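Novice: Sending over data_3.csv (CSV, N, CA and C atoms).
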```csv
chain,number,residue,atom,x,y,z
H,83,MET,N,-4.9,-15.7,-6.9
H,83,MET,CA,-3.6,-15.4,-6.2
H,83,MET,C,-3.0,-16.7,-5.9
H,84,ALA,N,-1.7,-16.9,-6.1
H,84,ALA,CA,-1.0,-18.1,-5.8
H,84,ALA,C,-1.0,-18.3,-4.3
H,85,ASP,N,-1.1,-19.6,-3.9
H,85,ASP,CA,-1.1,-20.0,-2.5
H,85,ASP,C,0.2,-19.7,-1.8
H,86,ASP,N,1.3,-19.7,-2.6
H,86,ASP,CA,2.6,-19.6,-2.0
H,86,ASP,C,3.0,-18.1,-1.6
H,87,ILE,N,2.2,-17.2,-1.9
H,87,ILE,CA,2.6,-15.8,-1.6
H,87,ILE,C,1.9,-15.2,-0.4
H,88,GLY,N,1.0,-16.0,0.3
H,88,GLY,CA,0.3,-15.5,1.4
H,88,GLY,C,-1.2,-15.2,1.1
H,89,THR,N,-1.9,-14.6,2.0
H,89,THR,CA,-3.3,-14.3,1.7
H,89,THR,C,-3.6,-12.8,1.9
H,90,PRO,N,-4.6,-12.4,1.1
H,90,PRO,CA,-5.0,-11.0,1.2
H,90,PRO,C,-5.5,-10.6,2.6
H,91,ASP,N,-5.1,-9.4,3.0
H,91,ASP,CA,-5.6,-9.0,4.3
H,91,ASP,C,-6.2,-7.5,4.1
H,92,GLY,N,-5.7,-6.6,4.9
H,92,GLY,CA,-6.3,-5.2,4.8
H,92,GLY,C,-5.9,-4.6,3.5
H,93,LEU,N,-6.8,-3.6,3.1
H,93,LEU,CA,-6.6,-3.0,1.8
H,93,LEU,C,-7.0,-1.5,1.8
H,94,THR,N,-6.6,-0.8,0.7
H,94,THR,CA,-7.1,0.6,0.5
H,94,THR,C,-7.1,0.8,-1.0
H,95,VAL,N,-7.7,1.9,-1.4
H,95,VAL,CA,-7.7,2.3,-2.8
H,95,VAL,C,-7.1,3.7,-3.0
H,96,ASP,N,-6.6,3.9,-4.2
H,96,ASP,CA,-6.1,5.3,-4.5
H,96,ASP,C,-7.0,6.0,-5.4
H,97,SER,N,-6.7,7.3,-5.7
H,97,SER,CA,-7.6,8.1,-6.5
H,97,SER,C,-7.8,7.6,-7.9
H,98,ALA,N,-6.9,6.8,-8.5
H,98,ALA,CA,-7.1,6.2,-9.8
H,98,ALA,C,-7.9,4.9,-9.8
H,99,GLY,N,-8.3,4.5,-8.6
H,99,GLY,CA,-9.1,3.3,-8.5
H,99,GLY,C,-8.3,2.0,-8.3
H,100,ASP,N,-7.0,2.2,-8.2
H,100,ASP,CA,-6.1,1.0,-7.9
H,100,ASP,C,-6.4,0.5,-6.5
H,101,LEU,N,-6.3,-0.8,-6.4
H,101,LEU,CA,-6.5,-1.5,-5.1
H,101,LEU,C,-5.1,-1.9,-4.6
H,102,TRP,N,-4.8,-1.5,-3.3
H,102,TRP,CA,-3.6,-1.9,-2.6
H,102,TRP,C,-3.9,-2.9,-1.5
H,103,VAL,N,-3.3,-4.1,-1.6
H,103,VAL,CA,-3.6,-5.2,-0.7
H,103,VAL,C,-2.4,-5.6,0.1
H,104,ALA,N,-2.5,-5.6,1.4
H,104,ALA,CA,-1.5,-6.2,2.2
H,104,ALA,C,-1.6,-7.7,2.1
H,105,ILE,N,-0.5,-8.4,1.9
H,105,ILE,CA,-0.5,-9.9,1.8
H,105,ILE,C,0.1,-10.5,3.0
H,106,TYR,N,-0.8,-11.0,3.9
H,106,TYR,CA,-0.4,-11.6,5.1
H,106,TYR,C,0.3,-12.9,4.9
H,107,GLY,N,1.5,-13.0,5.4
H,107,GLY,CA,2.3,-14.2,5.2
H,107,GLY,C,3.2,-14.1,3.9
H,108,GLY,N,3.1,-13.0,3.2
H,108,GLY,CA,3.8,-12.8,2.0
H,108,GLY,C,4.8,-11.6,2.1
H,109,GLY,N,4.8,-10.8,3.1
H,109,GLY,CA,5.7,-9.7,3.3
H,109,GLY,C,5.7,-8.7,2.1
H,110,GLN,N,4.5,-8.4,1.7
H,110,GLN,CA,4.3,-7.4,0.6
H,110,GLN,C,3.0,-6.8,0.6
H,111,VAL,N,2.9,-5.7,-0.2
H,111,VAL,CA,1.7,-5.0,-0.6
H,111,VAL,C,1.6,-5.1,-2.1
H,112,ARG,N,0.5,-5.5,-2.6
H,112,ARG,CA,0.3,-5.6,-4.1
H,112,ARG,C,-0.7,-4.5,-4.5
H,113,ARG,N,-0.4,-3.9,-5.6
H,113,ARG,CA,-1.2,-2.9,-6.2
H,113,ARG,C,-1.8,-3.4,-7.5
H,114,TYR,N,-3.2,-3.4,-7.6
H,114,TYR,CA,-3.9,-3.9,-8.8
H,114,TYR,C,-4.7,-2.8,-9.4
H,115,SER,N,-4.7,-2.8,-10.7
H,115,SER,CA,-5.5,-1.8,-11.5
H,115,SER,C,-7.0,-2.2,-11.3
H,116,PRO,N,-7.9,-1.3,-11.7
H,116,PRO,CA,-9.3,-1.6,-11.6
H,116,PRO,C,-9.7,-2.9,-12.4
H,117,ASP,N,-9.0,-3.2,-13.4
H,117,ASP,CA,-9.3,-4.4,-14.2
H,117,ASP,C,-8.5,-5.6,-13.8
H,118,GLY,N,-7.9,-5.6,-12.6
H,118,GLY,CA,-7.2,-6.7,-12.0
H,118,GLY,C,-5.8,-7.0,-12.4
H,119,VAL,N,-5.2,-6.1,-13.1
H,119,VAL,CA,-3.8,-6.3,-13.5
H,119,VAL,C,-2.8,-5.9,-12.4
H,120,LEU,N,-1.9,-6.7,-12.1
H,120,LEU,CA,-0.9,-6.4,-11.0
H,120,LEU,C,0.0,-5.3,-11.6
H,121,ARG,N,0.0,-4.2,-10.9
H,121,ARG,CA,0.9,-3.0,-11.3
H,121,ARG,C,2.2,-2.9,-10.6
H,122,GLU,N,2.2,-3.3,-9.3
H,122,GLU,CA,3.3,-3.1,-8.5
H,122,GLU,C,3.3,-4.0,-7.3
H,123,VAL,N,4.5,-4.4,-6.8
H,123,VAL,CA,4.6,-5.1,-5.6
H,123,VAL,C,5.7,-4.4,-4.7
H,124,LEU,N,5.2,-4.0,-3.5
H,124,LEU,CA,6.1,-3.4,-2.5
H,124,LEU,C,6.6,-4.5,-1.5
H,125,ALA,N,7.9,-4.7,-1.4
H,125,ALA,CA,8.4,-5.6,-0.4
H,125,ALA,C,8.4,-5.0,1.0
H,126,VAL,N,7.8,-5.7,1.9
H,126,VAL,CA,7.8,-5.2,3.3
H,126,VAL,C,8.7,-6.1,4.1
H,127,PRO,N,9.6,-5.5,5.0
H,127,PRO,CA,10.6,-6.3,5.7
H,127,PRO,C,10.0,-7.1,6.9
H,128,ALA,N,8.7,-7.6,6.7
H,128,ALA,CA,8.1,-8.4,7.7
H,128,ALA,C,7.0,-9.3,7.0
H,129,ALA,N,7.0,-10.5,7.3
H,129,ALA,CA,6.1,-11.4,6.6
H,129,ALA,C,4.6,-11.2,6.8
H,130,GLN,N,4.3,-10.9,8.1
H,130,GLN,CA,2.8,-10.8,8.4
H,130,GLN,C,2.3,-9.3,8.2
H,131,THR,N,2.2,-8.9,6.9
H,131,THR,CA,1.6,-7.6,6.6
H,131,THR,C,0.1,-7.7,6.8
H,132,THR,N,-0.4,-6.7,7.5
H,132,THR,CA,-1.8,-6.8,7.9
H,132,THR,C,-2.7,-5.8,7.3
H,133,SER,N,-2.3,-4.6,7.0
H,133,SER,CA,-3.1,-3.6,6.4
H,133,SER,C,-2.3,-2.5,5.8
H,134,CYS,N,-3.0,-1.6,5.1
H,134,CYS,CA,-2.3,-0.4,4.5
H,134,CYS,C,-3.3,0.7,4.3
H,135,ALA,N,-2.8,1.9,4.4
H,135,ALA,CA,-3.6,3.1,4.3
H,135,ALA,C,-2.8,4.3,3.8
H,136,PHE,N,-3.4,5.2,3.1
H,136,PHE,CA,-2.7,6.4,2.6
H,136,PHE,C,-2.9,7.5,3.7
H,137,ALA,N,-1.8,8.3,3.9
H,137,ALA,CA,-1.9,9.4,4.8
H,137,ALA,C,-0.9,10.4,4.4
H,138,GLY,N,-0.8,11.5,5.2
H,138,GLY,CA,0.1,12.6,4.9
H,138,GLY,C,-0.7,13.7,4.2
H,139,ALA,N,0.0,14.9,4.2
H,139,ALA,CA,-0.7,16.1,3.7
H,139,ALA,C,-1.2,15.9,2.3
H,140,ARG,N,-0.5,15.1,1.4
H,140,ARG,CA,-0.9,14.9,0.0
H,140,ARG,C,-1.5,13.5,-0.2
H,141,LEU,N,-1.7,12.8,0.9
H,141,LEU,CA,-2.2,11.4,0.8
H,141,LEU,C,-1.4,10.5,-0.1
H,142,ASP,N,0.0,10.8,-0.1
H,142,ASP,CA,0.8,10.0,-1.0
H,142,ASP,C,1.8,9.1,-0.3
H,143,ARG,N,1.6,9.0,1.0
H,143,ARG,CA,2.4,8.0,1.8
H,143,ARG,C,1.5,6.8,2.2
H,144,LEU,N,2.0,5.7,1.9
H,144,LEU,CA,1.3,4.4,2.2
H,144,LEU,C,1.9,3.9,3.5
H,145,TYR,N,1.1,3.7,4.5
H,145,TYR,CA,1.5,3.1,5.8
H,145,TYR,C,1.1,1.7,5.8
H,146,VAL,N,2.0,0.8,6.2
H,146,VAL,CA,1.7,-0.6,6.2
H,146,VAL,C,1.9,-1.2,7.6
H,147,THR,N,0.9,-1.8,8.2
H,147,THR,CA,1.1,-2.4,9.5
H,147,THR,C,1.5,-3.9,9.3
H,148,THR,N,2.2,-4.4,10.4
H,148,THR,CA,2.6,-5.8,10.4
H,148,THR,C,2.3,-6.4,11.8
H,149,ALA,N,2.3,-7.7,11.9
H,149,ALA,CA,1.9,-8.3,13.1
H,149,ALA,C,2.9,-9.3,13.7
H,150,THR,N,2.8,-9.6,15.0
H,150,THR,CA,3.5,-10.6,15.7
H,150,THR,C,2.7,-11.3,16.7
H,151,GLU,N,1.4,-11.2,16.6
H,151,GLU,CA,0.5,-11.8,17.6
H,151,GLU,C,0.7,-13.3,17.7
H,152,GLY,N,0.8,-13.7,18.9
H,152,GLY,CA,1.0,-15.1,19.2
H,152,GLY,C,2.4,-15.7,19.0
H,153,TRP,N,3.3,-14.8,18.7
H,153,TRP,CA,4.7,-15.2,18.4
H,153,TRP,C,5.5,-15.5,19.6
H,154,THR,N,6.4,-16.4,19.5
H,154,THR,CA,7.3,-16.7,20.6
H,154,THR,C,8.5,-15.7,20.6
H,155,ASP,N,9.3,-15.6,21.7
H,155,ASP,CA,10.4,-14.7,21.7
H,155,ASP,C,11.4,-15.1,20.6
H,156,GLU,N,11.5,-16.4,20.3
H,156,GLU,CA,12.5,-16.8,19.3
H,156,GLU,C,12.0,-16.4,17.9
H,157,GLU,N,10.7,-16.4,17.6
H,157,GLU,CA,10.2,-15.9,16.4
H,157,GLU,C,10.4,-14.4,16.2
H,158,ARG,N,10.2,-13.7,17.3
H,158,ARG,CA,10.4,-12.2,17.2
H,158,ARG,C,11.9,-11.9,17.0
H,159,LEU,N,12.8,-12.7,17.6
H,159,LEU,CA,14.2,-12.4,17.4
H,159,LEU,C,14.6,-12.8,15.9
H,160,ALA,N,14.0,-13.8,15.4
H,160,ALA,CA,14.3,-14.2,14.0
H,160,ALA,C,13.8,-13.2,12.9
H,161,GLU,N,12.8,-12.4,13.3
H,161,GLU,CA,12.2,-11.4,12.4
H,161,GLU,C,12.0,-10.1,13.1
H,162,PRO,N,13.1,-9.4,13.3
H,162,PRO,CA,13.0,-8.1,14.1
H,162,PRO,C,12.2,-7.0,13.5
H,163,GLY,N,12.0,-7.1,12.2
H,163,GLY,CA,11.2,-6.1,11.5
H,163,GLY,C,9.7,-6.3,11.7
H,164,ALA,N,9.3,-7.4,12.3
H,164,ALA,CA,7.9,-7.7,12.4
H,164,ALA,C,7.2,-6.9,13.6
H,165,GLY,N,6.0,-6.6,13.4
H,165,GLY,CA,5.2,-5.9,14.5
H,165,GLY,C,5.4,-4.4,14.4
H,166,LEU,N,6.0,-3.9,13.3
H,166,LEU,CA,6.3,-2.4,13.1
H,166,LEU,C,5.3,-1.9,12.1
H,167,VAL,N,5.3,-0.6,11.9
H,167,VAL,CA,4.5,0.1,10.9
H,167,VAL,C,5.6,0.7,9.9
H,168,TYR,N,5.3,0.5,8.6
H,168,TYR,CA,6.3,0.9,7.6
H,168,TYR,C,5.6,2.0,6.7
H,169,ARG,N,6.5,2.9,6.2
H,169,ARG,CA,6.0,4.0,5.4
H,169,ARG,C,6.7,3.9,4.0
H,170,PHE,N,5.8,4.0,3.0
H,170,PHE,CA,6.3,4.0,1.6
H,170,PHE,C,5.9,5.4,1.0
H,171,ASP,N,6.8,6.1,0.4
H,171,ASP,CA,6.4,7.3,-0.4
H,171,ASP,C,6.0,6.8,-1.8
H,172,THR,N,4.9,7.2,-2.2
H,172,THR,CA,4.4,6.7,-3.5
H,172,THR,C,4.2,7.9,-4.5
H,173,ASP,N,3.9,7.5,-5.7
H,173,ASP,CA,3.7,8.5,-6.8
H,173,ASP,C,2.2,8.6,-7.1
H,174,VAL,N,1.4,8.2,-6.2
H,174,VAL,CA,-0.1,8.2,-6.3
H,174,VAL,C,-0.7,9.0,-5.1
H,175,THR,N,-2.0,9.2,-5.3
H,175,THR,CA,-2.7,9.9,-4.2
H,175,THR,C,-3.8,9.0,-3.7
H,176,GLY,N,-3.9,8.8,-2.4
H,176,GLY,CA,-5.0,8.0,-1.8
H,176,GLY,C,-6.3,8.8,-1.8
H,177,VAL,N,-7.3,8.1,-1.3
H,177,VAL,CA,-8.6,8.7,-1.2
H,177,VAL,C,-8.9,8.9,0.3
H,178,PRO,N,-9.3,10.2,0.6
H,178,PRO,CA,-9.6,10.5,2.1
H,178,PRO,C,-10.7,9.5,2.6
H,179,ALA,N,-10.5,9.1,3.9
H,179,ALA,CA,-11.5,8.3,4.5
H,179,ALA,C,-12.7,9.1,4.9
H,180,ALA,N,-13.8,8.6,4.9
H,180,ALA,CA,-15.0,9.2,5.3
H,180,ALA,C,-15.2,9.1,6.8
H,181,ALA,N,-15.6,10.1,7.5
H,181,ALA,CA,-15.8,10.0,8.9
H,181,ALA,C,-17.0,9.2,9.2
H,182,PHE,N,-16.9,8.4,10.3
H,182,PHE,CA,-18.0,7.6,10.7
H,182,PHE,C,-18.9,8.4,11.6
H,183,ARG,N,-20.2,8.5,11.2
H,183,ARG,CA,-21.2,9.2,11.9
H,183,ARG,C,-22.4,8.4,12.0
H,184,PRO,N,-22.6,7.7,13.1
H,184,PRO,CA,-23.8,6.8,13.1
H,184,PRO,C,-25.1,7.6,13.1
H,185,GLU,N,-26.1,6.9,12.6
H,185,GLU,CA,-27.5,7.5,12.6
H,185,GLU,C,-27.9,7.7,14.1
H,186,PRO,N,-28.6,8.7,14.4
H,186,PRO,CA,-29.0,8.9,15.8
H,186,PRO,C,-29.8,7.7,16.3
H,187,ALA,N,-30.7,7.2,15.5
H,187,ALA,CA,-31.5,6.0,16.0
H,187,ALA,C,-30.6,4.8,16.2
H,188,TRP,N,-29.6,4.6,15.4
H,188,TRP,CA,-28.7,3.5,15.6
H,188,TRP,C,-27.9,3.7,17.0
H,189,TRP,N,-27.4,4.9,17.2
H,189,TRP,CA,-26.7,5.2,18.4
H,189,TRP,C,-27.5,5.0,19.7
H,190,ALA,N,-28.8,5.3,19.6
H,190,ALA,CA,-29.6,5.1,20.8
H,190,ALA,C,-29.8,3.7,21.1
H,191,THR,N,-29.7,2.8,20.2
H,191,THR,CA,-29.8,1.3,20.5
H,191,THR,C,-28.6,0.7,21.0
H,192,VAL,N,-27.4,1.4,20.8
H,192,VAL,CA,-26.2,0.9,21.2
H,192,VAL,C,-25.8,1.4,22.6
H,193,VAL,N,-26.1,2.6,22.9
H,193,VAL,CA,-25.7,3.3,24.2
H,193,VAL,C,-26.9,3.3,25.1
H,194,PRO,N,-26.8,2.5,26.2
H,194,PRO,CA,-28.0,2.5,27.1
H,194,PRO,C,-28.3,3.9,27.7
H,195,GLY,N,-29.5,4.2,27.9
H,195,GLY,CA,-29.9,5.4,28.5
H,195,GLY,C,-30.0,6.6,27.5
H,196,ARG,N,-29.9,6.3,26.2
H,196,ARG,CA,-30.0,7.4,25.2
H,196,ARG,C,-31.3,7.2,24.5
```
Please, can you express the file's structure as C-alpha coordinates?

Specialist:
Amino acid sequence: MADDIGTPDGLTVDSAGDLWVAIYGGGQVRRYSPDGVLREVLAVPAAQTTSCAFAGARLDRLYVTTATEGWTDEERLAEPGAGLVYRFDTDVTGVPAAAFRPEPAWWATVVPGR
(Lines of atoms letter the chains of each structure in order from A and count residues from 1; the text may use other names and numbers.)
(Lines give C-alpha, C1' and ligand atoms only; values in the text may rest on other atoms or scores of the structure.)
Protein backbone atom coordinates (compact mmCIF):
# COMPACT_ATOMS: atom_id res chain seq x y z
CA MET A 1 0.00 0.00 0.00
CA ALA A 2 1.36 3.42 -0.93
CA ASP A 3 2.51 5.54 2.00
CA ASP A 4 0.63 8.60 0.78
CA ILE A 5 -2.87 7.12 1.20
CA GLY A 6 -2.78 6.45 4.96
CA THR A 7 -2.49 3.25 6.95
CA PRO A 8 -4.81 0.25 7.31
CA ASP A 9 -6.94 0.27 10.44
CA GLY A 10 -10.16 -1.64 11.25
CA LEU A 11 -11.54 -4.12 8.77
CA THR A 12 -14.32 -6.56 7.97
CA VAL A 13 -15.09 -9.23 5.37
CA ASP A 14 -18.10 -9.90 3.19
CA SER A 15 -19.72 -13.19 2.21
CA ALA A 16 -17.63 -13.40 -0.99
CA GLY A 17 -14.44 -13.23 1.06
CA ASP A 18 -13.59 -9.65 0.10
CA LEU A 19 -11.68 -7.64 2.69
CA TRP A 20 -12.93 -4.11 3.51
CA VAL A 21 -10.25 -1.95 5.16
CA ALA A 22 -10.63 1.50 6.73
CA ILE A 23 -7.64 3.65 5.76
CA TYR A 24 -6.64 5.87 8.68
CA GLY A 25 -5.39 9.19 7.36
CA GLY A 26 -6.72 8.40 3.90
CA GLY A 27 -10.42 9.17 4.22
CA GLN A 28 -11.47 5.96 2.55
CA VAL A 29 -12.43 2.31 2.81
CA ARG A 30 -10.77 -0.06 0.35
CA ARG A 31 -12.29 -3.34 -0.79
CA TYR A 32 -9.89 -6.13 -1.81
CA SER A 33 -10.65 -9.49 -3.39
CA PRO A 34 -9.35 -12.65 -1.70
CA ASP A 35 -6.37 -12.61 -4.10
CA GLY A 36 -5.47 -9.00 -3.19
CA VAL A 37 -6.95 -7.11 -6.15
CA LEU A 38 -8.35 -3.68 -5.28
CA ARG A 39 -12.03 -3.83 -6.29
CA GLU A 40 -13.46 -0.61 -4.89
CA VAL A 41 -12.60 2.56 -3.00
CA LEU A 42 -15.28 4.33 -0.94
CA ALA A 43 -14.52 7.97 -0.19
CA VAL A 44 -15.32 8.93 3.41
CA PRO A 45 -15.77 12.65 4.22
CA ALA A 46 -13.30 12.40 7.12
CA ALA A 47 -9.58 11.63 6.91
CA GLN A 48 -9.25 9.52 10.06
CA THR A 49 -11.33 6.47 9.12
CA THR A 50 -10.95 3.93 11.91
CA SER A 51 -13.14 0.88 11.30
CA CYS A 52 -15.95 -0.61 9.25
CA ALA A 53 -18.64 -3.24 9.80
CA PHE A 54 -21.65 -4.63 7.97
CA ALA A 55 -25.06 -4.28 9.62
CA GLY A 56 -28.74 -4.02 8.80
CA ALA A 57 -31.38 -6.67 8.22
CA ARG A 58 -29.60 -7.93 5.08
CA LEU A 59 -26.05 -7.11 6.27
CA ASP A 60 -25.67 -4.90 3.19
CA ARG A 61 -24.98 -1.60 4.93
CA LEU A 62 -21.37 -0.76 5.67
CA TYR A 63 -20.89 1.48 8.70
CA VAL A 64 -17.62 3.40 8.92
CA THR A 65 -16.31 5.09 12.05
CA THR A 66 -14.03 8.12 12.07
CA ALA A 67 -11.93 9.78 14.78
CA THR A 68 -10.93 13.15 16.19
CA GLU A 69 -9.04 12.01 19.29
CA GLY A 70 -6.50 14.59 20.40
CA TRP A 71 -7.69 17.18 17.90
CA THR A 72 -7.77 20.90 18.65
CA ASP A 73 -10.91 22.99 18.21
CA GLU A 74 -9.36 24.44 15.06
CA GLU A 75 -8.81 20.97 13.57
CA ARG A 76 -12.40 20.01 14.33
CA LEU A 77 -13.69 23.18 12.66
CA ALA A 78 -11.54 22.51 9.60
CA GLU A 79 -12.97 18.99 9.19
CA PRO A 80 -16.58 19.02 10.47
CA GLY A 81 -17.27 15.53 9.09
CA ALA A 82 -14.68 13.95 11.35
CA GLY A 83 -15.69 11.98 14.43
CA LEU A 84 -18.95 10.78 12.87
CA VAL A 85 -20.20 7.36 11.76
CA TYR A 86 -21.06 6.98 8.06
CA ARG A 87 -23.32 4.47 6.31
CA PHE A 88 -22.83 3.12 2.81
CA ASP A 89 -25.47 0.96 1.13
CA THR A 90 -23.62 -1.79 -0.75
CA ASP A 91 -24.40 -4.50 -3.26
CA VAL A 92 -22.75 -7.18 -1.10
CA THR A 93 -23.63 -9.08 2.06
CA GLY A 94 -21.50 -9.03 5.16
CA VAL A 95 -20.77 -11.96 7.43
CA PRO A 96 -22.61 -12.08 10.79
CA ALA A 97 -20.37 -11.59 13.79
CA ALA A 98 -19.97 -14.52 16.15
CA ALA A 99 -21.06 -13.88 19.71
CA PHE A 100 -18.26 -13.84 22.26
CA ARG A 101 -18.76 -16.54 24.85
CA PRO A 102 -15.74 -17.08 27.08
CA GLU A 103 -14.94 -20.54 28.35
CA PRO A 104 -16.16 -20.99 31.95
CA ALA A 105 -12.61 -21.70 33.16
CA TRP A 106 -11.36 -18.50 31.50
CA TRP A 107 -14.18 -16.45 33.04
CA ALA A 108 -13.38 -17.72 36.54
CA THR A 109 -9.79 -16.46 36.25
CA VAL A 110 -10.91 -12.97 35.21
CA VAL A 111 -13.78 -12.35 37.63
CA PRO A 112 -12.70 -12.58 41.29
CA GLY A 113 -14.90 -14.77 43.47
CA ARG A 114 -16.04 -17.06 40.67

Novice: List every residue of range 91-165 of chain H that DSSP, applied to the backbone, labels as strand (DSSP E), and write the result as a ChimeraX atom specification.

Specialist: /H:91-95,101-106,110-114,120-125,131-137,143-148

Novice: Report, in Å with one decimal, the straight-line distance from atom C of Asp155 in chain H to CA of Ala129 in chain H.

Specialist: 15.4 Å

Novice: Residues at most 8 Å from Thr147 in chain H, counting all atoms listed in the file, excluding those fewer than 2 positions away in the same chain, as a PyMOL selection string?

Specialist: chain H and resi 104+130-135+144-145+149+164-169

Novice: Convert the current residue selection to file output with N, CA and C atoms, as a CSV table (one decimal), in the frame of the given file.

Specialist:
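The result, written out as selection-v3.csv:
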```csv
chain,number,residue,atom,x,y,z
H,104,ALA,N,-2.5,-5.6,1.4
H,104,ALA,CA,-1.5,-6.2,2.2
H,104,ALA,C,-1.6,-7.7,2.1
H,130,GLN,N,4.3,-10.9,8.1
H,130,GLN,CA,2.8,-10.8,8.4
H,130,GLN,C,2.3,-9.3,8.2
H,131,THR,N,2.2,-8.9,6.9
H,131,THR,CA,1.6,-7.6,6.6
H,131,THR,C,0.1,-7.7,6.8
H,132,THR,N,-0.4,-6.7,7.5
H,132,THR,CA,-1.8,-6.8,7.9
H,132,THR,C,-2.7,-5.8,7.3
H,133,SER,N,-2.3,-4.6,7.0
H,133,SER,CA,-3.1,-3.6,6.4
H,133,SER,C,-2.3,-2.5,5.8
H,134,CYS,N,-3.0,-1.6,5.1
H,134,CYS,CA,-2.3,-0.4,4.5
H,134,CYS,C,-3.3,0.7,4.3
H,135,ALA,N,-2.8,1.9,4.4
H,135,ALA,CA,-3.6,3.1,4.3
H,135,ALA,C,-2.8,4.3,3.8
H,144,LEU,N,2.0,5.7,1.9
H,144,LEU,CA,1.3,4.4,2.2
H,144,LEU,C,1.9,3.9,3.5
H,145,TYR,N,1.1,3.7,4.5
H,145,TYR,CA,1.5,3.1,5.8
H,145,TYR,C,1.1,1.7,5.8
H,149,ALA,N,2.3,-7.7,11.9
H,149,ALA,CA,1.9,-8.3,13.1
H,149,ALA,C,2.9,-9.3,13.7
H,164,ALA,N,9.3,-7.4,12.3
H,164,ALA,CA,7.9,-7.7,12.4
H,164,ALA,C,7.2,-6.9,13.6
H,165,GLY,N,6.0,-6.6,13.4
H,165,GLY,CA,5.2,-5.9,14.5
H,165,GLY,C,5.4,-4.4,14.4
H,166,LEU,N,6.0,-3.9,13.3
H,166,LEU,CA,6.3,-2.4,13.1
H,166,LEU,C,5.3,-1.9,12.1
H,167,VAL,N,5.3,-0.6,11.9
H,167,VAL,CA,4.5,0.1,10.9
H,167,VAL,C,5.6,0.7,9.9
H,168,TYR,N,5.3,0.5,8.6
H,168,TYR,CA,6.3,0.9,7.6
H,168,TYR,C,5.6,2.0,6.7
H,169,ARG,N,6.5,2.9,6.2
H,169,ARG,CA,6.0,4.0,5.4
H,169,ARG,C,6.7,3.9,4.0
```

Novice: Write out as a tab-separated table (two decimals) with N, CA and C atoms, in the frame of the given file all residues of range 92-179 of chain H that DSSP puts in helix (DSSP H, G or I) for this structure's backbone.

Specialist:
```tsv
chain	number	residue	atom	x	y	z
H	155	ASP	N	9.30	-15.60	21.70
H	155	ASP	CA	10.40	-14.70	21.70
H	155	ASP	C	11.40	-15.10	20.60
H	156	GLU	N	11.50	-16.40	20.30
H	156	GLU	CA	12.50	-16.80	19.30
H	156	GLU	C	12.00	-16.40	17.90
H	157	GLU	N	10.70	-16.40	17.60
H	157	GLU	CA	10.20	-15.90	16.40
H	157	GLU	C	10.40	-14.40	16.20
H	158	ARG	N	10.20	-13.70	17.30
H	158	ARG	CA	10.40	-12.20	17.20
H	158	ARG	C	11.90	-11.90	17.00
H	159	LEU	N	12.80	-12.70	17.60
H	159	LEU	CA	14.20	-12.40	17.40
H	159	LEU	C	14.60	-12.80	15.90
H	160	ALA	N	14.00	-13.80	15.40
H	160	ALA	CA	14.30	-14.20	14.00
H	160	ALA	C	13.80	-13.20	12.90
```

Novice: What does the structure give for the distance between CA of Val123 in chain H and CA of Glu161 in chain H, in Å to one decimal?

Specialist: 20.5 Å

Novice: Atom C of Arg112 in chain H and CA of Gly92 in chain H, how far apart in Å?

Specialist: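 Atom C of Arg112 in chain H lies 10.9 Å from CA of Gly92 in chain H.
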